[in-house]
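Asks: I am sharing work-v8.cif, which consists of mmCIF, C-alpha atoms and all ligand atoms:
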data_protein
loop_
_atom_site.label_atom_id
_atom_site.label_comp_id
_atom_site.auth_asym_id
_atom_site.auth_seq_id
_atom_site.Cartn_x
_atom_site.Cartn_y
_atom_site.Cartn_z
CA MET Q 1047 22.98 -17.64 0.06
CA SER Q 1048 20.03 -15.31 0.04
CA SER Q 1049 17.47 -17.08 -2.12
CA SER Q 1050 16.70 -20.34 -3.84
CA LEU Q 1051 13.97 -21.72 -6.07
CA LEU Q 1052 12.53 -24.85 -4.48
CA PRO Q 1053 11.33 -27.88 -6.48
CA SER Q 1054 7.78 -26.69 -5.65
CA GLY Q 1055 8.41 -23.59 -7.79
CA LEU Q 1056 8.45 -21.29 -4.74
CA TYR Q 1057 11.31 -19.04 -3.71
CA ALA Q 1058 12.69 -19.52 -0.19
CA GLU Q 1059 13.75 -16.08 1.12
CA ARG Q 1060 15.30 -14.94 4.37
CA VAL Q 1061 13.72 -12.48 6.82
CA THR Q 1062 16.18 -9.61 7.40
CA ASP Q 1063 14.21 -7.20 9.57
CA VAL Q 1064 10.98 -7.15 11.61
CA GLN Q 1065 9.38 -4.12 13.28
CA HIS Q 1066 6.23 -4.29 15.38
CA TYR Q 1067 4.20 -1.08 15.36
CA THR Q 1068 1.22 -2.11 17.48
CA ASP Q 1069 -0.36 -5.31 18.71
CA ARG Q 1070 -2.23 -5.35 15.36
CA LEU Q 1071 0.41 -4.20 12.85
CA PHE Q 1072 3.99 -5.02 11.88
CA ARG Q 1073 6.33 -4.69 8.93
CA PHE Q 1074 9.05 -7.03 7.74
CA ARG Q 1075 11.74 -7.20 5.09
CA ILE Q 1076 13.03 -10.22 3.23
CA THR Q 1077 15.75 -10.87 0.69
CA ARG Q 1078 14.67 -10.42 -2.93
CA PRO Q 1079 15.09 -13.26 -5.42
CA GLN Q 1080 17.39 -11.91 -8.12
CA SER Q 1081 15.07 -13.07 -10.87
CA LEU Q 1082 11.86 -11.63 -9.33
CA ARG Q 1083 10.54 -8.76 -11.44
CA PHE Q 1084 7.54 -6.66 -10.40
CA ARG Q 1085 5.93 -3.28 -10.98
CA SER Q 1086 5.64 -0.90 -8.04
CA GLY Q 1087 2.20 -1.35 -6.41
CA GLU Q 1088 1.83 -5.06 -7.22
CA PHE Q 1089 1.23 -7.93 -4.82
CA VAL Q 1090 2.77 -11.38 -4.48
CA MET Q 1091 1.65 -14.61 -2.78
CA LEU Q 1092 3.70 -15.41 0.33
CA GLY Q 1093 3.66 -18.04 3.05
CA LEU Q 1094 5.64 -19.97 5.65
CA PRO Q 1095 7.23 -23.39 5.32
CA GLN Q 1096 5.13 -26.14 6.90
CA ASP Q 1097 4.48 -29.84 6.58
CA GLY Q 1098 2.47 -30.38 3.44
CA LYS Q 1099 1.34 -27.68 1.05
CA PRO Q 1100 2.11 -24.19 2.40
CA LEU Q 1101 -0.73 -21.73 2.89
CA MET Q 1102 -0.05 -18.74 0.62
CA ARG Q 1103 -1.72 -15.31 0.93
CA ALA Q 1104 -1.63 -12.15 -1.21
CA TYR Q 1105 0.58 -9.37 0.15
CA SER Q 1106 1.25 -5.99 -1.45
CA ILE Q 1107 4.94 -5.32 -1.88
CA ALA Q 1108 5.71 -2.07 -0.04
CA SER Q 1109 9.15 -1.57 -1.54
CA PRO Q 1110 9.56 -0.06 -5.02
CA ALA Q 1111 10.44 -2.09 -8.12
CA TRP Q 1112 14.11 -1.03 -7.92
CA ASP Q 1113 14.70 -2.04 -4.30
CA GLU Q 1114 17.16 -4.79 -3.39
CA SER Q 1115 14.90 -6.27 -0.70
CA LEU Q 1116 11.15 -6.73 -0.33
CA GLU Q 1117 9.12 -4.99 2.37
CA PHE Q 1118 5.64 -5.96 3.61
CA PHE Q 1119 3.22 -4.36 6.07
CA SER Q 1120 0.94 -6.84 7.78
CA ILE Q 1121 -1.98 -7.09 10.12
CA LYS Q 1122 -1.77 -9.59 13.00
CA VAL Q 1123 -4.83 -11.72 13.45
CA ALA Q 1124 -4.86 -13.95 16.54
CA GLU Q 1125 -6.52 -16.84 14.75
CA GLY Q 1126 -5.66 -15.80 11.18
CA PRO Q 1127 -4.59 -18.88 9.22
CA LEU Q 1128 -1.29 -17.25 8.17
CA THR Q 1129 -0.76 -14.17 10.35
CA GLU Q 1130 -1.11 -16.13 13.57
CA ARG Q 1131 2.31 -17.66 12.70
CA LEU Q 1132 3.68 -14.86 10.53
CA GLN Q 1133 3.59 -12.32 13.37
CA LYS Q 1134 6.19 -14.42 15.22
CA ILE Q 1135 8.85 -14.38 12.47
CA GLN Q 1136 12.40 -13.37 13.37
CA PRO Q 1137 15.40 -12.34 11.26
CA GLY Q 1138 16.87 -15.47 9.68
CA ASP Q 1139 13.51 -17.24 9.27
CA THR Q 1140 12.35 -18.43 5.86
CA ILE Q 1141 9.46 -16.94 3.86
CA LEU Q 1142 8.12 -18.63 0.75
CA LEU Q 1143 7.19 -16.56 -2.31
CA ARG Q 1144 5.45 -17.38 -5.56
CA PRO Q 1145 7.46 -16.05 -8.50
CA LYS Q 1146 4.49 -14.29 -10.12
CA THR Q 1147 3.38 -10.80 -9.09
CA THR Q 1148 0.20 -9.03 -10.18
CA GLY Q 1149 -2.16 -6.19 -9.30
CA THR Q 1150 -4.13 -3.19 -10.48
CA LEU Q 1151 -2.61 -0.47 -8.27
CA VAL Q 1152 0.01 0.23 -10.90
CA ASN Q 1153 0.82 3.31 -12.93
CA ASP Q 1154 -0.02 1.39 -16.13
CA ALA Q 1155 -3.70 1.01 -15.12
CA LEU Q 1156 -4.24 4.77 -14.91
CA LEU Q 1157 -4.32 7.46 -17.56
CA PRO Q 1158 -1.79 10.25 -16.97
CA GLY Q 1159 -3.15 13.06 -14.80
CA LYS Q 1160 -2.30 16.15 -12.82
CA ARG Q 1161 -2.99 14.73 -9.35
CA LEU Q 1162 -2.78 11.16 -8.08
CA PHE Q 1163 -4.80 10.48 -4.92
CA MET Q 1164 -3.85 7.28 -3.08
CA LEU Q 1165 -6.55 6.54 -0.48
CA SER Q 1166 -5.77 3.86 2.10
CA THR Q 1167 -7.00 2.39 5.35
CA GLY Q 1168 -4.93 0.14 7.64
CA THR Q 1169 -2.43 -2.09 5.82
CA GLY Q 1170 -3.86 -0.79 2.53
CA ILE Q 1171 -1.10 1.83 2.58
CA ALA Q 1172 1.50 -0.80 1.55
CA PRO Q 1173 1.25 -0.57 -2.27
CA PHE Q 1174 1.40 3.22 -2.02
CA VAL Q 1175 4.60 3.07 0.01
CA SER Q 1176 6.00 1.29 -3.04
CA LEU Q 1177 4.59 3.80 -5.56
CA ILE Q 1178 5.73 6.96 -3.76
CA ARG Q 1179 9.31 5.68 -3.97
CA ASP Q 1180 9.16 5.01 -7.71
CA PRO Q 1181 10.43 7.82 -9.98
CA GLU Q 1182 7.88 6.74 -12.64
CA THR Q 1183 5.01 7.91 -10.40
CA TYR Q 1184 6.52 11.42 -10.32
CA GLU Q 1185 6.95 11.34 -14.11
CA LYS Q 1186 3.32 10.42 -14.69
CA PHE Q 1187 1.60 12.72 -12.17
CA GLY Q 1188 2.21 16.32 -11.13
CA GLU Q 1189 1.15 15.92 -7.53
CA LEU Q 1190 0.81 12.87 -5.25
CA ILE Q 1191 -1.62 12.89 -2.33
CA LEU Q 1192 -1.42 9.90 0.02
CA THR Q 1193 -4.16 9.43 2.61
CA HIS Q 1194 -4.06 6.93 5.44
CA THR Q 1195 -6.92 6.35 7.90
CA CYS Q 1196 -6.65 4.05 10.90
CA ARG Q 1197 -8.47 3.56 14.15
CA SER Q 1198 -5.73 5.04 16.37
CA LYS Q 1199 -2.67 7.30 16.11
CA ASP Q 1200 -0.11 4.53 16.71
CA GLU Q 1201 -1.48 2.72 13.64
CA LEU Q 1202 -0.50 5.71 11.48
CA GLN Q 1203 3.20 5.53 12.39
CA TYR Q 1204 4.25 3.26 9.53
CA GLY Q 1205 2.86 5.85 7.08
CA PHE Q 1206 4.74 8.71 8.75
CA ASP Q 1207 7.98 6.70 8.79
CA SER Q 1208 7.58 5.71 5.14
CA VAL Q 1209 6.87 9.26 3.96
CA ALA Q 1210 9.87 10.56 5.93
CA ALA Q 1211 12.09 7.86 4.40
CA THR Q 1212 10.79 8.74 0.92
CA LYS Q 1213 11.57 12.43 1.39
CA ALA Q 1214 15.11 11.49 2.47
CA ASP Q 1215 15.58 9.04 -0.41
CA PRO Q 1216 18.42 10.01 -2.78
CA LEU Q 1217 16.40 8.88 -5.82
CA VAL Q 1218 13.02 10.58 -5.30
CA GLY Q 1219 13.50 12.66 -2.15
CA GLU Q 1220 13.68 16.02 -3.87
CA GLU Q 1221 10.54 15.40 -5.95
CA ALA Q 1222 8.70 13.92 -2.96
CA THR Q 1223 9.51 16.93 -0.79
CA LEU Q 1224 8.01 19.21 -3.43
CA ARG Q 1225 5.12 17.10 -4.74
CA LEU Q 1226 4.04 14.47 -2.20
CA LYS Q 1227 1.41 15.31 0.42
CA HIS Q 1228 0.44 13.04 3.28
CA PHE Q 1229 -2.96 13.27 4.98
CA ALA Q 1230 -3.50 10.99 7.99
CA SER Q 1231 -6.73 10.62 9.95
CA THR Q 1232 -8.02 8.53 12.85
CA THR Q 1233 -11.51 7.27 13.57
CA ARG Q 1234 -11.39 6.02 17.16
CA GLU Q 1235 -8.89 8.36 18.80
CA LYS Q 1236 -8.48 12.13 18.49
CA SER Q 1237 -5.64 13.34 16.24
CA GLU Q 1238 -4.92 16.20 13.83
CA HIS Q 1239 -7.62 14.97 11.40
CA ASN Q 1240 -10.56 12.97 12.66
CA GLY Q 1241 -12.98 10.73 10.80
CA ARG Q 1242 -13.28 8.34 7.90
CA ILE Q 1243 -11.76 9.58 4.65
CA THR Q 1244 -15.17 9.24 2.98
CA THR Q 1245 -16.74 11.59 5.55
CA LEU Q 1246 -13.87 14.07 5.22
CA ILE Q 1247 -14.14 14.05 1.42
CA GLU Q 1248 -17.92 14.49 1.48
CA SER Q 1249 -17.79 17.33 3.99
CA GLY Q 1250 -15.03 19.04 1.99
CA GLU Q 1251 -12.76 19.13 5.07
CA PHE Q 1252 -10.19 16.99 3.28
CA PHE Q 1253 -9.78 19.42 0.37
CA THR Q 1254 -9.91 22.49 2.61
CA SER Q 1255 -7.17 21.23 4.87
CA LEU Q 1256 -4.95 20.48 1.86
CA ASN Q 1257 -5.89 23.84 0.41
CA THR Q 1258 -6.85 22.20 -2.86
CA SER Q 1259 -9.86 21.70 -5.14
CA ALA Q 1260 -12.37 18.80 -5.08
CA PHE Q 1261 -12.04 15.70 -7.30
CA ASP Q 1262 -12.25 16.28 -11.03
CA PRO Q 1263 -12.31 13.27 -13.39
CA GLU Q 1264 -10.53 15.13 -16.16
CA HIS Q 1265 -7.33 15.79 -14.22
CA ASP Q 1266 -7.44 13.55 -11.14
CA ARG Q 1267 -6.55 9.88 -10.83
CA ILE Q 1268 -7.45 7.83 -7.76
CA MET Q 1269 -6.11 4.60 -6.31
CA MET Q 1270 -7.75 2.96 -3.29
CA CYS Q 1271 -6.61 0.14 -1.07
CA GLY Q 1272 -7.95 -1.04 2.27
CA SER Q 1273 -11.26 -2.01 3.77
CA VAL Q 1274 -13.98 -3.34 1.49
CA GLY Q 1275 -16.40 -0.78 2.94
CA MET Q 1276 -14.11 2.16 2.17
CA ILE Q 1277 -13.57 0.97 -1.40
CA LYS Q 1278 -17.30 0.57 -1.97
CA ASP Q 1279 -18.15 3.95 -0.49
CA VAL Q 1280 -15.50 5.82 -2.49
CA ARG Q 1281 -16.48 3.98 -5.68
CA ASP Q 1282 -20.12 4.96 -5.12
CA MET Q 1283 -18.98 8.55 -4.74
CA LEU Q 1284 -16.71 8.61 -7.81
CA GLU Q 1285 -18.76 6.82 -10.45
CA PRO Q 1286 -21.62 9.35 -10.54
CA GLN Q 1287 -18.97 12.06 -11.01
CA GLY Q 1288 -17.79 10.40 -14.23
CA PHE Q 1289 -14.76 8.48 -12.94
CA THR Q 1290 -14.24 5.14 -14.72
CA GLU Q 1291 -12.36 2.14 -13.37
CA GLY Q 1292 -9.07 1.28 -15.06
CA SER Q 1293 -7.29 -2.02 -15.56
CA ASN Q 1294 -3.96 -3.11 -16.95
CA ASN Q 1295 -5.45 -3.41 -20.46
CA HIS Q 1296 -7.73 -0.38 -20.25
CA PRO Q 1297 -6.27 2.46 -18.19
CA GLY Q 1298 -8.94 4.57 -16.52
CA ASN Q 1299 -9.16 7.24 -13.88
CA PHE Q 1300 -9.46 5.08 -10.76
CA VAL Q 1301 -8.31 1.64 -9.60
CA VAL Q 1302 -9.00 -0.37 -6.44
CA GLU Q 1303 -7.63 -3.28 -4.44
CA ARG Q 1304 -8.72 -4.78 -1.16
CA ALA Q 1305 -6.03 -5.05 1.53
CA PHE Q 1306 -4.89 -8.41 2.86
CA VAL Q 1307 -7.07 -9.49 5.79
CA GLY Q 1308 -5.69 -12.36 7.80
P1 LIG I 1401 -13.99 3.00 11.66
O1 LIG I 1401 -13.14 3.02 12.89
O2 LIG I 1401 -15.03 4.08 11.65
O3 LIG I 1401 -14.58 1.65 11.35
P2 LIG I 1401 -9.89 -1.57 10.24
O4 LIG I 1401 -8.88 -1.30 11.32
O5 LIG I 1401 -11.17 -2.15 10.74
O6 LIG I 1401 -9.31 -2.29 9.07
O7 LIG I 1401 -10.29 -0.13 9.66
C1 LIG I 1401 -9.32 0.77 9.17
C2 LIG I 1401 -9.95 2.12 9.01
O8 LIG I 1401 -10.91 2.07 7.93
C3 LIG I 1401 -10.71 2.57 10.25
O9 LIG I 1401 -10.32 3.88 10.57
C4 LIG I 1401 -12.17 2.47 9.82
O10 LIG I 1401 -13.02 3.40 10.44
C5 LIG I 1401 -12.06 2.78 8.34
N1 LIG I 1401 -13.25 2.33 7.60
C6 LIG I 1401 -13.95 1.19 7.78
N2 LIG I 1401 -15.01 1.13 6.93
C7 LIG I 1401 -14.96 2.27 6.20
C8 LIG I 1401 -15.81 2.79 5.17
N3 LIG I 1401 -16.89 2.14 4.72
N4 LIG I 1401 -15.47 3.98 4.63
C9 LIG I 1401 -14.38 4.65 5.08
N5 LIG I 1401 -13.58 4.21 6.05
C10 LIG I 1401 -13.85 3.03 6.62
#
Could you render the structure as structure tokens?

Replies:
Amino acid sequence: MSSSLLPSGLYAERVTDVQHYTDRLFRFRITRPQSLRFRSGEFVMLGLPQDGKPLMRAYSIASPAWDESLEFFSIKVAEGPLTERLQKIQPGDTILLRPKTTGTLVNDALLPGKRLFMLSTGTGIAPFVSLIRDPETYEKFGELILTHTCRSKDELQYGFDSVAATKADPLVGEEATLRLKHFASTTREKSEHNGRITTLIESGEFFTSLNTSAFDPEHDRIMMCGSVGMIKDVRDMLEPQGFTEGSNNHPGNFVVERAFVG
């Protein structure tokens, strides 16, 4: 038995795999309810069983829409109402899920374009790990550029592992090898690229190191997920250049979502 719908209307799923990356970050996989449908890049409400009404929090699904299981990438917060307990889960434990998924970091909320930039900080990379493994993303955009900025190098590892897995994936691996670029930077420890993504974009270092041209609203589409500050700063940079925010009903040339915080 892998899943069941409880009288409360929540799915009870089983943890199959847990990997701790740092003392602040971990990923986990759970069984997927057969009837759960979602679009790559969406989030779902999840929680842990407890006495009384369970506390549910929004989590981006890091696996693509076609996957048989569901992957999540989470922060650990010592006194976070959910993550304080969630960080201790083990294979075999139960996770509760709401059946409804939603979100704006989906291909439908963007107009087609030549390049798709996916800008993330911290756990904000999760919805992009879903999108880079979806063939639809490669159909809609010519080139995919995923950025991930964290404080330290060990926090970038999930992104490196996910990109490597995508390039080895039988479904999208060939396209990803040709058309997916990964740019990782750190802000509090020296690495190949140093600094906030906003600083690297403004200085031009980001485009130079990818050997590509600066943002252009006609051909480029941008998704952002992560810290509230990063989203605000990139939005303030894009809007004067003529980028307009998209939604599910009105596709535009950029979309944003804040990452789960605790
Ligand atoms: P910084 O170390 O300079 O604060 P966190 O771990 O706090 O969630 O942050 C994840 C990453 O997001 C960090 O590298 C952090 O850089 C970066 N960051 C925080 N605020 C902004 C911002 N306003 N613009 C761009 N990057 C940001």

Asks: Identify, counting all atoms listed in the file, the protein, DNA and RNA residues located within 10 Å of ligand LIG 1401 (chain I), and give them as a PyMOL selection string.

Replies: chain Q and resi 1070-1071+1121+1165-1170+1194-1198+1201+1231-1235+1240-1246+1272-1280+1305-1307

Asks: Work out where the centre of an axis-aligned box around every listed atom of region 1209-1212 of chain Q lies and how long its edges are once 4 Å is added on each side; give both in Å to one decimal as AutoDock Vina command-line options.

Replies:
--center_x 9.5 --center_y 9.2 --center_z 3.4 --size_x 13.2 --size_y 10.7 --size_z 13.0

Asks: Have a look at CA of Ala1108 (chain Q) and CA of Arg1073 (chain Q) and let me know their distance in Å, one decimal.

Replies: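 Rounded to one decimal, the two atoms are 9.4 Å apart.
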
Asks: Can you pull out the residues contacting Lys1134 (chain Q)? Cut-off 12 Å, using only C-alpha atoms, and skip same-chain residues under 3 positions away; I want them as a VMD selection string.

Replies: chain Q and resid 1061 1064 to 1066 1069 1071 to 1074 1094 1120 1122 to 1124 1128 to 1131 1137 1139 to 1140

Asks: How about saving the chosen residues, C-alpha atoms kept, as a compact mmCIF listing (two decimals), in the coordinates of the input?

Replies:
# COMPACT_ATOMS: atom_id res chain seq x y z
CA VAL Q 1061 13.72 -12.48 6.82
CA VAL Q 1064 10.98 -7.15 11.61
CA GLN Q 1065 9.38 -4.12 13.28
CA HIS Q 1066 6.23 -4.29 15.38
CA ASP Q 1069 -0.36 -5.31 18.71
CA LEU Q 1071 0.41 -4.20 12.85
CA PHE Q 1072 3.99 -5.02 11.88
CA ARG Q 1073 6.33 -4.69 8.93
CA PHE Q 1074 9.05 -7.03 7.74
CA LEU Q 1094 5.64 -19.97 5.65
CA SER Q 1120 0.94 -6.84 7.78
CA LYS Q 1122 -1.77 -9.59 13.00
CA VAL Q 1123 -4.83 -11.72 13.45
CA ALA Q 1124 -4.86 -13.95 16.54
CA LEU Q 1128 -1.29 -17.25 8.17
CA THR Q 1129 -0.76 -14.17 10.35
CA GLU Q 1130 -1.11 -16.13 13.57
CA ARG Q 1131 2.31 -17.66 12.70
CA PRO Q 1137 15.40 -12.34 11.26
CA ASP Q 1139 13.51 -17.24 9.27
CA THR Q 1140 12.35 -18.43 5.86

Asks: Have a look at Q:Asp1154, Q:Asp1200, Q:Asp1207, Q:Asp1215 and name the one nearest to Thr1183 (chain Q); count all atoms listed in the file.

Replies: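 Looking only at the distances to Thr1183 (chain Q), the closest residue turns out to be Q:Asp1154.
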
Asks: Please list as a compact mmCIF listing (two decimals) with C-alpha atoms, in the frame of the given file every residue within 6 Å of region 1109-1113 of chain Q, counting all atoms listed in the file and excluding residues in the same chain fewer than 6 positions away.

Replies:
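Once everything was written out, this is part.txt:
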# COMPACT_ATOMS: atom_id res chain seq x y z
CA PHE Q 1084 7.54 -6.66 -10.40
CA ARG Q 1085 5.93 -3.28 -10.98
CA SER Q 1086 5.64 -0.90 -8.04
CA SER Q 1176 6.00 1.29 -3.04
CA ARG Q 1179 9.31 5.68 -3.97
CA ASP Q 1180 9.16 5.01 -7.71

Asks: Just the number, please: distance in Å from CA of Glu1303 (chain Q) to CA of Met1270 (chain Q), one decimal.

Replies: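 One can read the CA of Glu1303 (chain Q) to CA of Met1270 (chain Q) distance as 6.3 Å.
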
Asks: One decimal, in Å: what's the spacing between CA of Leu1051 (chain Q) and CA of Phe1089 (chain Q)?

Replies: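 Separating CA of Leu1051 (chain Q) from CA of Phe1089 (chain Q) is a distance of 18.8 Å.
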
Asks: I want to know what sits within 9 Å of Ala1222 (chain Q), based on only C-alpha atoms, with residues of the same chain fewer than 6 positions away left out; could you give that as a VMD selection string?

Replies: chain Q and resid 1178 to 1179 1184 1190 1209 1212 to 1215

Asks: Of the candidates Q:Ser1293, Q:Glu1264, Q:Thr1258, Q:Tyr1067, which shows the shortest atom-to-atom distance to Phe1206 (chain Q), using only C-alpha atoms?

Replies: Q:Tyr1067

Asks: Which neighbours of region 1097-1101 of chain Q fall inside 9 Å, counting all atoms listed in the file, when residues of the same chain fewer than 5 positions from it are skipped, and could you give them as a ChimeraX atom specification?

Replies: /Q:1092,1127-1128,1142

Asks: Would you write out those residues with C-alpha atoms, as an mmCIF file, keeping the file's coordinate frame?

Replies:
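Resulting contents of selection08.cif:
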data_model
loop_
_atom_site.group_PDB
_atom_site.id
_atom_site.type_symbol
_atom_site.label_atom_id
_atom_site.label_comp_id
_atom_site.auth_asym_id
_atom_site.auth_seq_id
_atom_site.Cartn_x
_atom_site.Cartn_y
_atom_site.Cartn_z
ATOM 1 C CA LEU Q 1092 3.700 -15.410 0.330
ATOM 2 C CA PRO Q 1127 -4.590 -18.880 9.220
ATOM 3 C CA LEU Q 1128 -1.290 -17.250 8.170
ATOM 4 C CA LEU Q 1142 8.120 -18.630 0.750
#
